[in-house]
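Below is the file query.txt, which contains compact mmCIF, C-alpha atoms and all ligand atoms.
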```
# COMPACT_ATOMS: atom_id res chain seq x y z
CA MET A 1 -5.62 -12.30 25.77
CA THR A 2 -6.50 -9.55 28.25
CA GLY A 3 -10.07 -8.26 28.65
CA ARG A 4 -8.93 -4.94 27.17
CA GLU A 5 -7.53 -6.67 24.07
CA GLU A 6 -10.76 -8.65 23.65
CA SER A 7 -12.88 -5.51 23.64
CA ASP A 8 -10.41 -3.79 21.31
CA GLU A 9 -10.61 -6.75 18.97
CA ALA A 10 -14.43 -6.70 19.00
CA GLU A 11 -14.39 -2.99 18.17
CA VAL A 12 -11.95 -3.43 15.27
CA ARG A 13 -13.95 -6.41 13.95
CA SER A 14 -17.05 -4.26 13.93
CA ARG A 15 -15.17 -1.63 11.91
CA VAL A 16 -14.44 -4.35 9.34
CA ALA A 17 -18.07 -5.46 9.37
CA GLN A 18 -19.21 -1.87 8.74
CA ALA A 19 -16.54 -1.09 6.15
CA ARG A 20 -18.03 0.36 3.00
CA THR A 21 -14.96 0.46 0.77
CA MET A 22 -12.65 -2.54 0.99
CA VAL A 23 -9.53 -3.60 -0.83
CA VAL A 24 -9.17 -7.37 -1.11
CA LYS A 25 -5.84 -8.84 -2.18
CA VAL A 26 -5.59 -12.44 -3.33
CA GLY A 27 -2.24 -14.09 -3.90
CA THR A 28 -1.08 -16.54 -6.53
CA SER A 29 -0.94 -19.40 -4.02
CA SER A 30 -4.72 -19.12 -3.47
CA LEU A 31 -5.64 -19.17 -7.14
CA THR A 32 -3.53 -22.07 -8.37
CA ASP A 33 -3.54 -25.86 -8.44
CA SER A 34 -0.71 -28.08 -7.24
CA HIS A 35 1.18 -27.50 -10.52
CA GLY A 36 1.04 -23.74 -10.07
CA ARG A 37 -1.55 -23.26 -12.85
CA LEU A 38 -4.58 -21.02 -12.47
CA ASP A 39 -7.40 -23.02 -10.87
CA GLN A 40 -10.82 -21.97 -12.22
CA ASP A 41 -12.75 -23.45 -9.31
CA ARG A 42 -10.74 -21.56 -6.72
CA LEU A 43 -11.18 -18.33 -8.67
CA ARG A 44 -14.92 -18.90 -8.98
CA SER A 45 -15.44 -19.60 -5.32
CA LEU A 46 -13.50 -16.45 -4.39
CA VAL A 47 -15.68 -14.46 -6.79
CA GLY A 48 -18.78 -15.98 -5.15
CA ALA A 49 -17.74 -14.58 -1.76
CA LEU A 50 -16.81 -11.17 -3.18
CA ALA A 51 -20.00 -10.96 -5.22
CA SER A 52 -22.16 -11.56 -2.19
CA ALA A 53 -20.42 -8.70 -0.31
CA ALA A 54 -20.77 -6.46 -3.38
CA VAL A 55 -24.45 -7.29 -3.75
CA ASP A 56 -24.87 -6.34 -0.07
CA GLY A 57 -23.47 -2.88 -0.90
CA ALA A 58 -19.71 -3.16 -0.30
CA ARG A 59 -17.50 -1.14 -2.67
CA LEU A 60 -14.75 -3.61 -3.50
CA VAL A 61 -11.41 -3.29 -5.20
CA LEU A 62 -9.76 -6.63 -5.98
CA VAL A 63 -5.97 -6.71 -6.17
CA THR A 64 -5.17 -10.03 -7.76
CA SER A 65 -2.03 -11.89 -8.68
CA GLY A 66 -2.18 -14.85 -11.05
CA ALA A 67 -1.17 -13.48 -14.45
CA ILE A 68 2.01 -15.56 -14.59
CA ALA A 69 0.14 -18.63 -13.34
CA ALA A 70 -2.50 -18.12 -16.03
CA GLY A 71 0.06 -17.64 -18.80
CA PHE A 72 2.86 -20.15 -18.46
CA GLY A 73 0.87 -23.27 -19.46
CA THR A 74 -0.40 -21.57 -22.62
CA LEU A 75 3.18 -20.79 -23.56
CA GLY A 76 4.13 -24.44 -23.23
CA PHE A 77 6.24 -24.07 -20.05
CA ASP A 78 6.06 -26.82 -17.42
CA GLN A 79 6.46 -24.39 -14.58
CA ARG A 80 6.49 -20.73 -13.66
CA PRO A 81 9.52 -19.12 -15.33
CA ASP A 82 12.03 -17.51 -13.01
CA ASP A 83 13.86 -15.00 -15.16
CA VAL A 84 12.31 -11.55 -15.16
CA ALA A 85 11.97 -11.08 -18.94
CA THR A 86 10.12 -14.39 -19.40
CA GLN A 87 7.98 -13.69 -16.33
CA GLN A 88 7.01 -10.35 -17.85
CA ALA A 89 6.17 -11.91 -21.23
CA THR A 90 4.22 -14.68 -19.48
CA ALA A 91 2.29 -12.15 -17.41
CA SER A 92 1.39 -10.30 -20.59
CA VAL A 93 -0.10 -13.50 -22.04
CA GLY A 94 -1.72 -14.52 -18.75
CA GLN A 95 -3.23 -11.18 -17.72
CA GLY A 96 -5.86 -11.29 -20.48
CA LEU A 97 -6.73 -14.89 -19.61
CA LEU A 98 -6.99 -14.00 -15.92
CA MET A 99 -9.29 -11.06 -16.65
CA ALA A 100 -11.46 -13.16 -18.95
CA GLN A 101 -12.02 -15.58 -16.09
CA TYR A 102 -12.87 -12.83 -13.62
CA GLU A 103 -15.21 -11.13 -16.11
CA ALA A 104 -17.10 -14.37 -16.71
CA ALA A 105 -17.23 -15.27 -13.02
CA PHE A 106 -18.51 -11.85 -11.88
CA ALA A 107 -20.96 -11.69 -14.81
CA ARG A 108 -22.81 -14.65 -13.26
CA TYR A 109 -23.80 -12.22 -10.50
CA ALA A 110 -24.49 -9.39 -12.98
CA LEU A 111 -21.40 -7.53 -11.70
CA ARG A 112 -19.08 -5.64 -14.02
CA VAL A 113 -15.33 -5.37 -13.64
CA GLY A 114 -12.65 -2.98 -14.93
CA GLN A 115 -8.96 -3.71 -15.28
CA ILE A 116 -6.26 -1.45 -13.78
CA LEU A 117 -2.62 -2.38 -14.34
CA ILE A 118 -0.26 -0.28 -12.30
CA THR A 119 3.51 0.07 -11.95
CA ALA A 120 5.42 1.11 -8.84
CA ARG A 121 6.31 4.31 -10.73
CA ASP A 122 2.60 5.17 -11.04
CA THR A 123 2.29 5.16 -7.26
CA THR A 124 5.36 7.32 -6.62
CA HIS A 125 4.43 10.14 -9.03
CA ALA A 126 1.83 12.56 -7.74
CA VAL A 127 0.09 13.05 -11.10
CA GLN A 128 -0.24 9.33 -11.90
CA TYR A 129 -1.33 8.69 -8.30
CA ARG A 130 -4.11 11.27 -8.67
CA ASN A 131 -5.14 9.77 -12.01
CA ALA A 132 -5.26 6.30 -10.48
CA ARG A 133 -7.37 7.66 -7.62
CA ARG A 134 -9.77 9.40 -10.00
CA THR A 135 -10.28 6.33 -12.17
CA LEU A 136 -10.61 3.90 -9.26
CA CYS A 137 -13.10 6.12 -7.44
CA ARG A 138 -15.15 6.65 -10.60
CA LEU A 139 -15.25 2.90 -11.24
CA LEU A 140 -16.51 2.37 -7.70
CA ASP A 141 -19.12 5.11 -8.12
CA LEU A 142 -20.29 3.37 -11.30
CA GLY A 143 -20.76 0.14 -9.34
CA VAL A 144 -17.85 -1.54 -11.14
CA ILE A 145 -15.34 -3.77 -9.31
CA PRO A 146 -11.84 -2.60 -10.24
CA ILE A 147 -9.45 -5.53 -10.70
CA VAL A 148 -5.87 -4.44 -10.11
CA ASN A 149 -2.56 -6.16 -10.79
CA GLU A 150 0.96 -4.90 -11.14
CA ASN A 151 1.69 -4.02 -14.76
CA ASP A 152 4.25 -6.81 -14.89
CA ALA A 153 4.94 -6.47 -18.59
CA LEU A 154 6.17 -2.88 -18.17
CA ALA A 155 7.46 -2.85 -14.61
CA SER A 156 11.15 -2.04 -14.60
CA ASN A 157 13.42 -4.37 -12.74
CA GLU A 158 14.66 -1.86 -10.18
CA ILE A 159 11.34 -0.58 -8.96
CA ARG A 160 9.05 -3.52 -9.30
CA PHE A 161 6.69 -4.46 -6.49
CA GLY A 162 7.12 -8.12 -7.50
CA ASP A 163 4.48 -9.23 -5.03
CA ASN A 164 1.09 -7.54 -4.78
CA ASP A 165 1.02 -7.13 -0.99
CA HIS A 166 2.69 -3.73 -0.86
CA LEU A 167 0.67 -2.61 -3.89
CA SER A 168 -2.61 -3.56 -2.15
CA ALA A 169 -1.82 -1.34 0.86
CA LEU A 170 -1.07 1.59 -1.45
CA ILE A 171 -4.29 0.96 -3.40
CA ALA A 172 -6.18 0.96 -0.10
CA ASN A 173 -4.73 4.41 0.59
CA ILE A 174 -5.48 5.61 -2.93
CA VAL A 175 -9.19 4.77 -2.60
CA SER A 176 -9.34 5.73 1.11
CA ALA A 177 -10.54 2.21 1.96
CA ASP A 178 -12.12 1.39 5.30
CA ALA A 179 -10.38 -2.00 5.51
CA LEU A 180 -7.80 -4.16 3.77
CA VAL A 181 -8.26 -7.94 3.45
CA LEU A 182 -5.21 -10.04 2.56
CA LEU A 183 -6.15 -13.49 1.27
CA THR A 184 -3.50 -16.16 1.07
CA ASP A 185 -3.00 -19.93 1.51
CA VAL A 186 -2.56 -19.89 5.29
CA ASP A 187 -5.43 -19.25 7.75
CA ALA A 188 -3.59 -16.66 9.85
CA LEU A 189 -0.29 -15.14 10.87
CA TYR A 190 1.84 -17.46 13.01
CA THR A 191 4.82 -16.75 15.20
CA GLU A 192 6.91 -18.58 12.58
CA PRO A 193 6.16 -20.47 9.34
CA PRO A 194 3.21 -22.76 10.19
CA SER A 195 5.04 -25.83 8.88
CA ARG A 196 7.30 -25.61 11.97
CA PRO A 197 6.09 -27.55 15.02
CA GLY A 198 6.40 -24.65 17.49
CA ALA A 199 4.43 -22.15 15.38
CA ARG A 200 1.64 -20.41 17.33
CA ARG A 201 -1.36 -18.77 15.68
CA ILE A 202 -1.86 -15.03 16.26
CA GLY A 203 -5.52 -13.95 16.24
CA PHE A 204 -5.22 -10.25 17.05
CA VAL A 205 -2.40 -7.77 16.62
CA PRO A 206 -3.10 -4.54 18.52
CA ASP A 207 0.16 -2.92 17.33
CA VAL A 208 1.74 -4.24 14.15
CA ALA A 209 4.89 -2.16 14.66
CA ALA A 210 5.49 -3.94 17.97
CA ILE A 211 5.25 -7.47 16.54
CA MET A 212 7.35 -6.95 13.42
CA ASP A 213 10.49 -8.16 15.24
CA GLN A 214 8.75 -10.94 17.14
CA VAL A 215 7.45 -12.89 14.16
CA ASP A 216 9.59 -15.01 11.90
CA ALA A 217 7.98 -14.13 8.59
CA GLN A 218 9.58 -15.74 5.60
CA GLY A 219 9.29 -15.56 1.84
CA SER A 220 6.87 -17.75 -0.05
CA VAL A 221 7.14 -21.37 1.07
CA SER A 222 4.95 -22.85 -1.67
CA GLY A 223 7.20 -21.26 -4.29
CA LEU A 224 4.01 -20.17 -6.10
CA GLY A 225 3.57 -16.81 -4.43
CA THR A 226 6.31 -14.23 -4.36
CA GLY A 227 6.42 -12.22 -1.17
CA GLY A 228 5.53 -14.71 1.57
CA MET A 229 4.52 -13.44 5.01
CA ALA A 230 7.19 -10.74 5.22
CA THR A 231 5.57 -8.59 2.51
CA LYS A 232 2.11 -9.19 3.99
CA LEU A 233 3.30 -7.91 7.36
CA GLU A 234 4.75 -4.86 5.65
CA ALA A 235 1.43 -4.27 3.88
CA ALA A 236 -0.39 -4.64 7.20
CA ARG A 237 2.02 -2.14 8.77
CA ILE A 238 1.36 0.47 6.07
CA ALA A 239 -2.40 -0.02 6.28
CA ALA A 240 -2.52 0.00 10.10
CA ALA A 241 -0.31 3.10 10.20
CA SER A 242 -2.70 4.68 7.69
CA GLY A 243 -5.58 4.10 10.09
CA MET A 244 -7.14 1.01 8.53
CA PRO A 245 -7.95 -2.40 10.04
CA VAL A 246 -6.46 -5.38 8.20
CA VAL A 247 -7.63 -8.99 8.08
CA LEU A 248 -5.24 -11.69 6.92
CA THR A 249 -6.65 -15.14 6.24
CA ARG A 250 -7.07 -18.03 3.82
CA ALA A 251 -8.88 -17.31 0.56
CA ASP A 252 -11.69 -19.79 1.23
CA LEU A 253 -12.56 -17.73 4.33
CA ALA A 254 -13.07 -14.57 2.24
CA GLY A 255 -16.82 -14.44 3.01
CA PRO A 256 -16.49 -14.41 6.82
CA ALA A 257 -13.41 -12.16 6.61
CA LEU A 258 -15.33 -9.51 4.65
CA ALA A 259 -18.26 -9.82 7.05
CA GLY A 260 -16.02 -9.02 10.04
CA ASP A 261 -16.42 -12.52 11.54
CA GLN A 262 -13.75 -13.92 13.80
CA VAL A 263 -11.38 -15.48 11.28
CA GLY A 264 -7.70 -15.06 10.50
CA THR A 265 -5.47 -12.43 12.04
CA LEU A 266 -6.89 -8.99 12.70
CA PHE A 267 -4.51 -6.02 12.78
CA ALA A 268 -5.81 -2.93 14.58
CA PRO A 269 -5.25 0.51 13.06
CA ILE A 270 -2.47 2.27 14.96
CA ARG A 271 -3.22 5.85 13.90
CA PRO A 272 -6.25 7.85 12.91
CA ARG A 273 -7.12 7.73 9.22
CA GLY A 274 -5.10 10.24 7.16
CA SER A 275 -6.14 11.89 3.89
CA SER A 276 -5.14 10.10 0.69
CA HIS A 277 -2.84 13.06 -0.16
CA ARG A 278 -0.91 12.82 3.12
CA LEU A 279 -0.76 9.02 2.90
CA TRP A 280 0.74 9.31 -0.56
CA ILE A 281 3.45 11.63 0.78
CA LYS A 282 4.15 9.27 3.66
CA PHE A 283 4.10 5.85 2.04
CA ALA A 284 4.41 6.23 -1.72
CA SER A 285 6.35 9.38 -2.63
CA ARG A 286 10.07 8.99 -3.36
CA PRO A 287 11.97 12.22 -2.59
CA ARG A 288 15.19 12.88 -4.48
CA GLY A 289 16.42 15.58 -2.12
CA GLY A 290 15.44 17.67 0.83
CA TYR A 291 16.27 20.03 3.65
CA LEU A 292 18.59 19.69 6.59
CA VAL A 293 17.08 21.62 9.50
CA ASP A 294 18.20 22.86 12.92
CA GLN A 295 17.06 21.59 16.32
CA GLY A 296 14.44 24.32 16.77
CA ALA A 297 12.76 23.31 13.53
CA VAL A 298 12.84 19.61 14.49
CA LYS A 299 11.17 20.47 17.79
CA ALA A 300 8.49 22.55 16.09
CA LEU A 301 7.77 19.84 13.50
CA ARG A 302 7.66 17.05 16.08
CA GLY A 303 5.32 19.21 18.18
CA GLY A 304 2.73 18.66 15.45
CA ARG A 305 1.01 20.61 12.68
CA ALA A 306 3.91 23.04 12.08
CA SER A 307 5.21 24.11 8.68
CA LEU A 308 8.91 24.08 7.86
CA LEU A 309 10.02 27.71 7.76
CA ALA A 310 13.13 28.84 5.91
CA ALA A 311 14.48 30.25 9.17
CA GLY A 312 15.07 26.72 10.49
CA ALA A 313 16.60 25.24 7.34
CA ARG A 314 20.41 24.95 7.23
CA SER A 315 21.15 23.38 3.88
CA ILE A 316 19.70 21.71 0.82
CA GLN A 317 20.36 18.17 -0.29
CA GLY A 318 19.98 17.22 -3.96
CA GLU A 319 17.95 18.95 -6.64
CA PHE A 320 14.17 19.22 -6.79
CA SER A 321 11.41 21.36 -8.27
CA ALA A 322 8.61 23.20 -6.48
CA GLY A 323 5.89 20.65 -5.65
CA ASP A 324 8.31 17.70 -5.47
CA PRO A 325 8.44 15.44 -2.42
CA VAL A 326 11.40 16.16 -0.13
CA TRP A 327 12.94 14.67 2.99
CA ILE A 328 13.44 16.79 6.08
CA HIS A 329 16.52 15.64 7.98
CA ASP A 330 17.90 16.75 11.33
CA GLU A 331 21.50 17.88 11.67
CA SER A 332 22.73 14.32 12.20
CA GLY A 333 21.02 13.24 8.99
CA HIS A 334 18.08 11.39 10.64
CA GLN A 335 14.75 11.51 8.84
CA VAL A 336 12.23 13.70 10.64
CA ALA A 337 9.51 14.29 8.08
CA LYS A 338 8.53 14.13 4.44
CA GLY A 339 6.65 16.78 2.54
CA LEU A 340 6.13 18.69 -0.68
CA SER A 341 8.51 21.59 -1.22
CA GLY A 342 6.96 24.96 -1.96
CA TYR A 343 10.09 26.06 -3.84
CA ASP A 344 12.66 24.50 -6.13
CA SER A 345 16.07 23.71 -4.70
CA GLU A 346 17.75 26.68 -6.42
CA GLU A 347 15.25 29.25 -5.11
CA ALA A 348 15.27 27.71 -1.65
CA GLN A 349 19.05 28.06 -1.45
CA ASP A 350 18.69 31.85 -1.15
CA MET A 351 15.99 31.51 1.51
CA LEU A 352 17.93 29.41 4.03
CA GLY A 353 18.03 30.84 7.55
CA LEU A 354 15.86 33.89 6.76
CA ASN A 355 12.73 34.73 8.72
CA THR A 356 9.50 35.76 7.02
CA LYS A 357 10.16 39.49 7.37
CA GLU A 358 13.66 39.17 5.88
CA LEU A 359 12.34 36.97 3.06
CA ARG A 360 9.75 39.57 2.11
CA ARG A 361 12.24 42.45 2.30
CA ARG A 362 15.15 40.79 0.50
CA LEU A 363 13.44 38.45 -1.97
CA GLY A 364 9.84 39.70 -2.28
CA ALA A 365 6.40 38.58 -1.12
CA HIS A 366 6.46 35.42 -3.27
CA TYR A 367 9.18 34.03 -0.99
CA ALA A 368 7.52 34.84 2.35
CA HIS A 369 5.97 31.34 2.70
CA PRO A 370 7.04 28.09 4.36
CA LEU A 371 9.49 25.82 2.53
CA VAL A 372 7.10 22.97 3.29
CA HIS A 373 3.54 23.80 4.29
CA ARG A 374 2.08 21.78 7.18
CA ASP A 375 -0.83 20.52 5.01
CA SER A 376 1.75 18.74 2.85
CA LEU A 377 4.05 17.58 5.64
CA VAL A 378 4.02 14.27 7.48
CA LEU A 379 6.26 13.09 10.30
CA VAL A 380 8.08 9.81 9.75
N1 LIG B 1 5.06 -16.40 10.30
C1 LIG B 1 4.32 -16.89 9.31
N2 LIG B 1 2.98 -17.06 9.48
C2 LIG B 1 2.20 -17.54 8.48
N3 LIG B 1 2.68 -17.89 7.27
C3 LIG B 1 4.01 -17.76 7.03
C4 LIG B 1 4.88 -17.25 8.03
N4 LIG B 1 6.14 -17.20 7.50
C5 LIG B 1 6.05 -17.66 6.24
N5 LIG B 1 4.77 -18.01 5.93
C6 LIG B 1 4.36 -18.54 4.62
O1 LIG B 1 3.85 -17.50 3.77
C7 LIG B 1 3.05 -18.14 2.78
C8 LIG B 1 2.15 -17.13 2.07
O2 LIG B 1 2.92 -16.32 1.21
P1 LIG B 1 2.87 -16.48 -0.39
O3 LIG B 1 3.16 -17.90 -0.79
O4 LIG B 1 3.71 -15.41 -0.98
O5 LIG B 1 1.34 -16.22 -0.64
P2 LIG B 1 0.52 -15.32 -1.67
O6 LIG B 1 0.64 -15.97 -3.01
O7 LIG B 1 -0.85 -15.40 -1.08
O8 LIG B 1 1.08 -13.93 -1.65
C9 LIG B 1 2.31 -19.20 3.55
O9 LIG B 1 2.05 -20.30 2.73
C10 LIG B 1 3.23 -19.55 4.71
O10 LIG B 1 3.77 -20.84 4.59
N1 LIG B 2 1.84 -9.78 -10.67
C1 LIG B 2 2.20 -11.19 -10.56
C2 LIG B 2 2.09 -11.54 -9.10
C3 LIG B 2 3.29 -12.02 -8.46
C4 LIG B 2 2.93 -12.82 -7.18
O1 LIG B 2 3.06 -14.03 -7.19
O2 LIG B 2 2.43 -12.15 -6.11
P1 LIG B 2 1.90 -12.77 -4.71
O3 LIG B 2 1.00 -13.90 -5.00
O4 LIG B 2 1.16 -11.60 -4.16
O5 LIG B 2 3.08 -13.16 -3.89
C5 LIG B 2 1.21 -12.07 -11.32
O6 LIG B 2 0.08 -11.62 -11.58
O7 LIG B 2 1.53 -13.20 -11.66
```

Mind turning this structure into structure tokens?
Amino acid sequence: MTGREESDEAEVRSRVAQARTMVVKVGTSSLTDSHGRLDQDRLRSLVGALASAAVDGARLVLVTSGAIAAGFGTLGFDQRPDDVATQQATASVGQGLLMAQYEAAFARYALRVGQILITARDTTHAVQYRNARRTLCRLLDLGVIPIVNENDALASNEIRFGDNDHLSALIANIVSADALVLLTDVDALYTEPPSRPGARRIGFVPDVAAIMDQVDAQGSVSGLGTGGMATKLEAARIAAASGMPVVLTRADLAGPALAGDQVGTLFAPIRPRGSSHRLWIKFASRPRGGYLVDQGAVKALRGGRASLLAAGARSIQGEFSAGDPVWIHDESGHQVAKGLSGYDSEEAQDMLGLNTKELRRRLGAHYAHPLVHRDSLVLV
């Protein structure tokens, strides 16, 4: 490691140590025994580490898997089911059991918890996203530890997270966390699955985007977890691009990881911290249509902090309402930006190519505004 990287790492570690609001994600593989069933002792020792950070003043959100692991034994299955409908039913049985264990374990430290079950759909819709933010922030203000899992029982097949890694990065954006901690069954990120002889441990990642192609990150090897390292890297990429440091390590190192000690793999933030609203547009919103814009508009947008004016828009793709997320594409169809449209697709059709003066004269003052205002526009 170069001297520069060492000092960068020390600085990012100190950001983790000083983090006030943290999202901690724990995977199935860290909460289960060798048969894949929920392991009470592992859960209790994790809670011990989290409780001590909470007692020291950290505002923690726990994103936890384990509902299926907690439920399948009770239903008389020998192993985790693999068809989606039975997984969903099993999660519905297991989620209550999982929460009961967390409630009891945190109660030993006089800490209260609140359950939030969330679907991918809740994170893509602006209103649900805002509701989730309001509830999570209020729970934190009340000194409660929110315990989040995907709402497996209701998640639809097509837009399921499946693993909780991606979800944890979005939750970190929702609560404007200062750091994300990913706890799993391996002590760090390796250049390839650690079971392979040539695998080398990676302690610090200054630029997650740059290593994405250099690491062989596979799906879950234990067969207990779902996403494996690939989804953790994706979560780290979202968080780092949102301006947050990320620590990835083994669950029994949760205490030192939360304290900012030198454990696991540390990912440096690669951008300044954005507002929760802009991060939602960038990472969670799912546009159904958008604008195709000319070269001048692309240049203005890429120059930074510009709004998309009707004068630079050539055509409209798809149908959307005012306030909906939209893509902004260049003339070759490449994505340039994402934002919230100020107008619905029908209204915007009449505005294409007109400058502000023409808009006011021909369509009225209501139309003399940008198609996408810069406060609701993010480059991609
Ligand atoms: N490049 C890699 N570095 C570290 N671990 C890897 C890598 N590629 C695959 N893995 C595997 O990913 C597993 C963790 O993923 P998973 O089982 O889904 O955990 P969780 O339940 O915590 O989400 C590790 O056990 C490890 O074997
Ligand atoms: N929501 C599911 C989690 C699925 C899962 O295994 O996720 P992960 O451990 O993050 O790979 C559950 O609670 O069982």

Counting all atoms listed in the file, give me one row per residue of chain A with an atom at most 10 Å from an atom of ligand LIG 1 (chain B), showing the shortest contact pair and its distance in Å to one decimal, sorted by chain then residue number, as a Markdown table.
```
| residue | atom | partner | partner_atom | distance |
| --- | --- | --- | --- | --- |
| A:Lys25 | CA | B:LIG1 | O7 | 8.3 |
| A:Val26 | CA | B:LIG1 | O7 | 6.0 |
| A:Gly27 | CA | B:LIG1 | O7 | 3.4 |
| A:Thr28 | CA | B:LIG1 | O6 | 4.0 |
| A:Ser29 | CA | B:LIG1 | O6 | 3.9 |
| A:Ser30 | CA | B:LIG1 | O7 | 5.9 |
| A:Leu31 | CA | B:LIG1 | O6 | 8.2 |
| A:Thr32 | CA | B:LIG1 | O6 | 9.1 |
| A:Thr64 | CA | B:LIG1 | O6 | 9.6 |
| A:Ser65 | CA | B:LIG1 | O6 | 7.5 |
| A:Gly66 | CA | B:LIG1 | O6 | 8.6 |
| A:Asp163 | CA | B:LIG1 | O8 | 6.7 |
| A:Asn164 | CA | B:LIG1 | O8 | 7.1 |
| A:Asp165 | CA | B:LIG1 | O8 | 6.8 |
| A:Leu182 | CA | B:LIG1 | O7 | 7.8 |
| A:Leu183 | CA | B:LIG1 | O7 | 6.1 |
| A:Thr184 | CA | B:LIG1 | O7 | 3.5 |
| A:Asp185 | CA | B:LIG1 | O9 | 5.2 |
| A:Val186 | CA | B:LIG1 | C9 | 5.2 |
| A:Asp187 | CA | B:LIG1 | C2 | 7.9 |
| A:Ala188 | CA | B:LIG1 | C2 | 6.0 |
| A:Leu189 | CA | B:LIG1 | N2 | 4.0 |
| A:Tyr190 | CA | B:LIG1 | N2 | 3.7 |
| A:Thr191 | CA | B:LIG1 | N1 | 4.9 |
| A:Glu192 | CA | B:LIG1 | N1 | 3.7 |
| A:Pro193 | CA | B:LIG1 | C4 | 3.7 |
| A:Pro194 | CA | B:LIG1 | C2 | 5.6 |
| A:Ser195 | CA | B:LIG1 | O10 | 6.7 |
| A:Arg196 | CA | B:LIG1 | O10 | 9.5 |
| A:Ala199 | CA | B:LIG1 | N1 | 7.7 |
| A:Arg200 | CA | B:LIG1 | N2 | 8.6 |
| A:Arg201 | CA | B:LIG1 | N2 | 7.8 |
| A:Ile202 | CA | B:LIG1 | N2 | 8.6 |
| A:Gln214 | CA | B:LIG1 | N1 | 9.5 |
| A:Val215 | CA | B:LIG1 | N1 | 5.7 |
| A:Asp216 | CA | B:LIG1 | N1 | 5.0 |
| A:Ala217 | CA | B:LIG1 | N4 | 3.7 |
| A:Gln218 | CA | B:LIG1 | C5 | 4.1 |
| A:Gly219 | CA | B:LIG1 | C5 | 5.9 |
| A:Ser220 | CA | B:LIG1 | O3 | 3.8 |
| A:Val221 | CA | B:LIG1 | O10 | 4.9 |
| A:Ser222 | CA | B:LIG1 | O3 | 5.3 |
| A:Gly223 | CA | B:LIG1 | O3 | 6.3 |
| A:Leu224 | CA | B:LIG1 | O3 | 5.8 |
| A:Gly225 | CA | B:LIG1 | O6 | 3.4 |
| A:Thr226 | CA | B:LIG1 | O4 | 4.4 |
| A:Gly227 | CA | B:LIG1 | O4 | 4.2 |
| A:Gly228 | CA | B:LIG1 | O2 | 3.1 |
| A:Met229 | CA | B:LIG1 | O1 | 4.3 |
| A:Ala230 | CA | B:LIG1 | N4 | 6.9 |
| A:Thr231 | CA | B:LIG1 | O4 | 7.9 |
| A:Lys232 | CA | B:LIG1 | O8 | 7.4 |
| A:Leu233 | CA | B:LIG1 | N1 | 9.2 |
| A:Leu248 | CA | B:LIG1 | C2 | 9.6 |
| A:Thr249 | CA | B:LIG1 | O7 | 9.3 |
| A:Arg250 | CA | B:LIG1 | O7 | 8.3 |
| A:Ala251 | CA | B:LIG1 | O7 | 8.4 |
| A:Thr265 | CA | B:LIG1 | C2 | 9.9 |
```

Between atom O1 of ligand LIG 2 (chain B) and CA of Arg121 in chain A - distance in Å to one decimal: 19.0 Å

d(CA of Met351 in chain A, CA of Asp375 in chain A) in Å: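 CA of Met351 in chain A sits 20.4 Å away from CA of Asp375 in chain A.
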
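Going from CA of Ser45 in chain A to CA of Ala110 in chain A covers 15.6 Å.
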
Using all atoms listed in the file: which of A:Arg59, A:Val23, A:Val127, A:Val148 has the shortest distance to ligand LIG 2 (chain B):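 Closest residue, counting all atoms listed in the file: A:Val148.
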
Around all the atoms of range 351-364 of chain A listed in the file, draw an axis-aligned box and extend it by 5 Å on each of the six sides; I want its centre and edge lengths in Å to one decimal, as JSON.
```
{"center_x": 13.8, "center_y": 35.9, "center_z": 3.2, "size_x": 18.5, "size_y": 23.0, "size_z": 21.0}
```

Test item: which residues lie within 12 Å of (-3.6, 6.5, 11.1) counting all atoms listed in the file, as a ChimeraX atom specification: /A:173,176,178,207,237-245,268-276,278-279,282-283,378-379

Nearest-residue call for Arg108 in chain A, choices A:Ala155, A:Ala51, A:Leu258, A:Leu136, using all atoms listed in the file: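 Smallest distance to Arg108 in chain A is found for A:Ala51.
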
Option closest in space to Met99 in chain A, from A:Ala70, A:Leu46, A:Ala19, A:Ala120 [counting only C-alpha atoms]: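 Nearest candidate to Met99 in chain A out of A:Ala70, A:Leu46, A:Ala19, A:Ala120: A:Ala70.
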
Proximity to ligand LIG 2 (chain B) - best of A:Val372, A:Leu253, A:Leu154, A:Met22, all atoms listed in the file: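 Between A:Val372, A:Leu253, A:Leu154, A:Met22, the residue approaching ligand LIG 2 (chain B) most closely is A:Leu154.
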
Using all atoms listed in the file: which of A:Ile328, A:Ala313, A:Ala236, A:Ala91 has the shortest distance to Gly290 in chain A: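 Going through A:Ile328, A:Ala313, A:Ala236, A:Ala91 one by one, the smallest distance to Gly290 in chain A is for A:Ile328.
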
Top pick for closest residue to ligand LIG 2 (chain B), considering A:Arg160, A:Arg112, A:His125, A:Lys338 and counting all atoms listed in the file: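 Comparing A:Arg160, A:Arg112, A:His125, A:Lys338 against ligand LIG 2 (chain B), the winner is A:Arg160.
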
Residues within 12 Å of Asp82 in chain A, all atoms listed in the file, excluding chain neighbours under 2 positions, as number ranges by chain: A: 68-69, 72, 77-80, 84-91, 162, 223-224, 226
